Amino acid sequence: MARAVIDGIALEYRDSGAGEPVVFIHGAFIADAFRPLLAERVLADGYRLISYHRRGYGGSSRATGAVSFDASANDCRLLLSRLGVQQAHVVGHSHGANVALQLALQAPGLVRTLSLLEAGLLVGESAESYRQALLQSVCRYEAVGARVAIDESLQARWPSYREGLPRLLPGAFEQAVADAPTFFEAEARGSAEWSFGAEEARRIRQPTLVVLGEQSAELHPRFTETYRFLLEWLPDADGFVLPDATHFLQIENPRALAQALSKFWARHSA
């Protein structure tokens, strides 16, 4: 991966292909979660694909102190500026989808479309249980260490990850353990306090694809609640339920997701 140093922060990134730019913002735990999706030919042959490791992940600069969604969005904005990108389709997963939403609020002219893969919002009746789960995961990390806390967090979001992750993305678990301090020490508490609701959503005018894993409803009510609220709140939103997938849907079913994304972008091309 290449590295860009921006305002003293080094970000690892990949920039490949030609066409309209697309930037991918990964969530917590698995920094290379988009790698299977980026390998799909329907994307690789038609778009300029930009992926990067957020601050504190992979070979990017370590996180020092709390990292807010606003700071993470600013990192992405500055990286795109360094790469000469004036406008991009933006894809975010989970925590990274929250960063994508913040980017759309912070720099609306930079965002052509949004694709939100199970954003980690605290909304509706599930908000408090999700908030407590985030805080409890920090307590577990402090009590039992990174390896156990990562294992429990991944199982809660992808119950069969122990079989699927090593096969589909070798080395990802060990990298997640190495990166664990970023989420549990720098991001989780801020995530539990971040507020995004109908008022903020109404400010986002870009076409948005809201994606839900077909099997995620079985894991926690927050997934379907967030999906429903985003479709209700965002002025220009389409929904898509990805078959045969839970929360790590870009790893579990990258082909079907790539096809859905390419169709969405084709409808909103420059």
# chains A, B, ... in the order shown; residues from 1 in each chain; ligands from 1
$ closest_atom_pairs --of "segment 4-95 of chain A" --to "segment 121-124 of chain A" --cutoff "12 Å" --atoms "only C-alpha atoms" --output "CSV"
residue,atom,partner,partner_atom,distance
A:His93,CA,A:Leu121,CA,11.5
A:Ser94,CA,A:Leu121,CA,8.4
A:His95,CA,A:Leu121,CA,8.5
$ write_last_selection --atoms "N, CA and C atoms" --output "PDB file, in the first residue's frame"
ATOM      1  N   HIS A  93     -18.900   1.084   5.827  1.00  0.00           N
ATOM      2  CA  HIS A  93     -19.433  -0.099   6.504  1.00  0.00           C
ATOM      3  C   HIS A  93     -19.426   0.122   8.010  1.00  0.00           C
ATOM      4  N   SER A  94     -20.574  -0.075   8.662  1.00  0.00           N
ATOM      5  CA  SER A  94     -20.692  -0.058  10.112  1.00  0.00           C
ATOM      6  C   SER A  94     -20.174   1.259  10.686  1.00  0.00           C
ATOM      7  N   HIS A  95     -19.135   1.220  11.509  1.00  0.00           N
ATOM      8  CA  HIS A  95     -18.511   2.444  12.024  1.00  0.00           C
ATOM      9  C   HIS A  95     -18.080   3.348  10.871  1.00  0.00           C
TER      10      HIS A  95
END
$ select_by_dssp --residues "segment 100-148 of chain A" --states "strand (DSSP E)" --output "JSON, numbers by chain"
{"A": [111, 112, 113, 114, 115, 116, 117]}
$ closest_atom_pairs --of "segment 62-94 of chain A" --to "segment 35-55 of chain A" --cutoff "9 Å" --atoms "only C-alpha atoms" --output "CSV"
residue,atom,partner,partner_atom,distance
A:Arg62,CA,A:Arg55,CA,6.2
A:Ala63,CA,A:Arg55,CA,5.9
A:Val67,CA,A:Arg55,CA,8.2
A:Ser72,CA,A:Arg54,CA,7.2
A:Asp75,CA,A:Arg54,CA,7.9
A:Cys76,CA,A:Arg54,CA,8.1
A:Leu80,CA,A:Ile50,CA,8.8
$ closest_residue --among "A:Val99, A:Ala178, A:Leu168, A:Ala4" --to "Gly145 of chain A" --atoms "only C-alpha atoms"
A:Ala178
$ closest_residue --among "A:Leu249, A:Ala133, A:Val210, A:Leu116" --to "Glu232 of chain A" --atoms "only C-alpha atoms"
A:Val210
$ closest_residue --among "A:Asp7, A:Glu128, A:Asp151, A:Glu193" --to "Ala71 of chain A" --atoms "only C-alpha atoms"
A:Asp7
$ closest_atom_pairs --of "segment 104-216 of chain A" --to "segment 251-265 of chain A" --cutoff "9 Å" --atoms "only C-alpha atoms" --output "CSV"
residue,atom,partner,partner_atom,distance
A:Thr113,CA,A:Trp265,CA,7.6
A:Ser115,CA,A:Leu261,CA,7.7
A:Gly164,CA,A:Glu252,CA,7.8
A:Leu165,CA,A:Ile251,CA,8.0
A:Leu168,CA,A:Ile251,CA,7.1
A:Leu169,CA,A:Ile251,CA,7.9
A:Thr208,CA,A:Phe264,CA,8.8
A:Leu209,CA,A:Phe264,CA,7.3
A:Val211,CA,A:Leu257,CA,8.9
$ write_last_selection --atoms "C-alpha atoms" --output "mmCIF file, in the first residue's frame"
data_model
loop_
_atom_site.group_PDB
_atom_site.id
_atom_site.type_symbol
_atom_site.label_atom_id
_atom_site.label_comp_id
_atom_site.auth_asym_id
_atom_site.auth_seq_id
_atom_site.Cartn_x
_atom_site.Cartn_y
_atom_site.Cartn_z
ATOM 1 C CA THR A 113 -23.488 9.256 -3.606
ATOM 2 C CA SER A 115 -23.699 3.636 0.159
ATOM 3 C CA GLY A 164 -15.523 -17.907 7.150
ATOM 4 C CA LEU A 165 -12.967 -15.228 7.988
ATOM 5 C CA LEU A 168 -12.038 -15.536 2.884
ATOM 6 C CA LEU A 169 -9.558 -13.087 4.401
ATOM 7 C CA THR A 208 -28.064 6.997 -0.866
ATOM 8 C CA LEU A 209 -28.135 3.211 -1.004
ATOM 9 C CA VAL A 211 -27.846 -1.928 2.635
#
$ residues_around --residues "segment 233-248 of chain A" --least-positions-apart "3" --cutoff "9 Å" --atoms "only C-alpha atoms" --output "mmCIF file with C-alpha atoms, in the first residue's frame"
data_model
loop_
_atom_site.group_PDB
_atom_site.id
_atom_site.type_symbol
_atom_site.label_atom_id
_atom_site.label_comp_id
_atom_site.auth_asym_id
_atom_site.auth_seq_id
_atom_site.Cartn_x
_atom_site.Cartn_y
_atom_site.Cartn_z
ATOM 1 C CA ALA A 33 -12.891 -6.000 5.087
ATOM 2 C CA HIS A 93 -19.433 -0.099 6.504
ATOM 3 C CA SER A 94 -20.692 -0.058 10.112
ATOM 4 C CA LEU A 117 -23.601 -0.896 4.777
ATOM 5 C CA GLU A 118 -25.314 -1.375 8.144
ATOM 6 C CA ARG A 157 -21.923 -9.631 14.209
ATOM 7 C CA TRP A 158 -21.038 -12.724 12.153
ATOM 8 C CA PRO A 159 -21.721 -15.923 14.118
ATOM 9 C CA TYR A 161 -16.831 -15.898 11.331
ATOM 10 C CA GLY A 197 -31.111 11.441 13.744
ATOM 11 C CA ALA A 198 -33.790 12.744 11.444
ATOM 12 C CA GLU A 199 -32.565 16.345 11.571
ATOM 13 C CA GLU A 200 -29.060 15.426 10.430
ATOM 14 C CA ALA A 201 -30.378 12.975 7.849
ATOM 15 C CA ARG A 202 -32.538 15.626 6.200
ATOM 16 C CA ARG A 203 -29.367 17.633 5.466
ATOM 17 C CA ILE A 204 -27.979 14.813 3.335
ATOM 18 C CA ARG A 205 -29.304 15.339 -0.170
ATOM 19 C CA GLN A 206 -27.085 12.875 -2.040
ATOM 20 C CA PRO A 207 -28.602 9.692 -3.484
ATOM 21 C CA THR A 208 -28.064 6.997 -0.866
ATOM 22 C CA LEU A 209 -28.135 3.211 -1.004
ATOM 23 C CA VAL A 210 -28.959 1.701 2.394
ATOM 24 C CA VAL A 211 -27.846 -1.928 2.635
ATOM 25 C CA LEU A 212 -28.944 -4.589 5.118
ATOM 26 C CA GLY A 213 -27.662 -8.140 5.422
ATOM 27 C CA GLU A 214 -30.533 -10.593 4.995
ATOM 28 C CA GLN A 215 -29.596 -12.526 8.138
ATOM 29 C CA SER A 216 -28.696 -9.549 10.324
ATOM 30 C CA ALA A 217 -32.205 -9.235 11.747
ATOM 31 C CA GLU A 218 -31.553 -12.432 13.694
ATOM 32 C CA LEU A 219 -28.548 -10.891 15.449
ATOM 33 C CA PHE A 223 -29.816 -3.609 12.189
ATOM 34 C CA TYR A 227 -32.240 0.325 7.952
ATOM 35 C CA ARG A 228 -35.853 1.414 8.386
ATOM 36 C CA PHE A 229 -35.060 4.800 9.917
ATOM 37 C CA LEU A 230 -32.467 5.721 7.294
ATOM 38 C CA ILE A 251 -16.833 -10.355 2.898
ATOM 39 C CA GLU A 252 -19.726 -12.822 2.961
ATOM 40 C CA ASN A 253 -21.354 -12.014 -0.393
ATOM 41 C CA ALA A 256 -24.020 -9.649 -5.176
ATOM 42 C CA LEU A 257 -23.022 -6.507 -3.298
ATOM 43 C CA ALA A 260 -25.920 -3.787 -6.490
ATOM 44 C CA PHE A 264 -26.739 2.169 -8.115
#
$ decode --residues "segment 157-176 of chain A" --atoms "N, CA and C atoms" --output "tab-separated table (two decimals), in the first residue's frame"
chain	number	residue	atom	x	y	z
A	157	ARG	N	-21.57	-10.25	15.48
A	157	ARG	CA	-21.92	-9.63	14.21
A	157	ARG	C	-21.89	-10.60	13.04
A	158	TRP	N	-21.17	-11.71	13.20
A	158	TRP	CA	-21.04	-12.72	12.15
A	158	TRP	C	-20.80	-14.06	12.86
A	159	PRO	N	-21.87	-14.74	13.27
A	159	PRO	CA	-21.72	-15.92	14.12
A	159	PRO	C	-20.81	-17.01	13.56
A	160	SER	N	-20.71	-17.13	12.25
A	160	SER	CA	-19.86	-18.18	11.67
A	160	SER	C	-18.50	-17.63	11.23
A	161	TYR	N	-18.07	-16.52	11.81
A	161	TYR	CA	-16.83	-15.90	11.33
A	161	TYR	C	-15.61	-16.80	11.52
A	162	ARG	N	-15.60	-17.65	12.55
A	162	ARG	CA	-14.43	-18.50	12.80
A	162	ARG	C	-14.15	-19.43	11.63
A	163	GLU	N	-15.18	-19.81	10.92
A	163	GLU	CA	-15.01	-20.63	9.73
A	163	GLU	C	-14.80	-19.77	8.49
A	164	GLY	N	-15.55	-18.69	8.38
A	164	GLY	CA	-15.52	-17.91	7.15
A	164	GLY	C	-14.36	-16.96	7.02
A	165	LEU	N	-13.98	-16.27	8.10
A	165	LEU	CA	-12.97	-15.23	7.99
A	165	LEU	C	-11.59	-15.77	7.59
A	166	PRO	N	-11.07	-16.84	8.22
A	166	PRO	CA	-9.75	-17.33	7.81
A	166	PRO	C	-9.71	-17.80	6.36
A	167	ARG	N	-10.83	-18.29	5.87
A	167	ARG	CA	-10.89	-18.78	4.49
A	167	ARG	C	-10.99	-17.63	3.49
A	168	LEU	N	-11.78	-16.62	3.83
A	168	LEU	CA	-12.04	-15.54	2.88
A	168	LEU	C	-11.06	-14.38	3.00
A	169	LEU	N	-10.47	-14.20	4.18
A	169	LEU	CA	-9.56	-13.09	4.40
A	169	LEU	C	-8.47	-13.53	5.39
A	170	PRO	N	-7.54	-14.35	4.93
A	170	PRO	CA	-6.49	-14.87	5.83
A	170	PRO	C	-5.72	-13.74	6.51
A	171	GLY	N	-5.43	-13.95	7.79
A	171	GLY	CA	-4.67	-12.97	8.55
A	171	GLY	C	-5.48	-11.84	9.14
A	172	ALA	N	-6.76	-11.76	8.80
A	172	ALA	CA	-7.56	-10.62	9.24
A	172	ALA	C	-7.79	-10.63	10.75
A	173	PHE	N	-7.93	-11.82	11.35
A	173	PHE	CA	-8.17	-11.86	12.79
A	173	PHE	C	-6.97	-11.34	13.56
A	174	GLU	N	-5.77	-11.77	13.19
A	174	GLU	CA	-4.58	-11.31	13.89
A	174	GLU	C	-4.39	-9.80	13.73
A	175	GLN	N	-4.71	-9.28	12.55
A	175	GLN	CA	-4.63	-7.83	12.35
A	175	GLN	C	-5.66	-7.12	13.22
A	176	ALA	N	-6.84	-7.71	13.35
A	176	ALA	CA	-7.88	-7.12	14.20
A	176	ALA	C	-7.42	-7.07	15.66
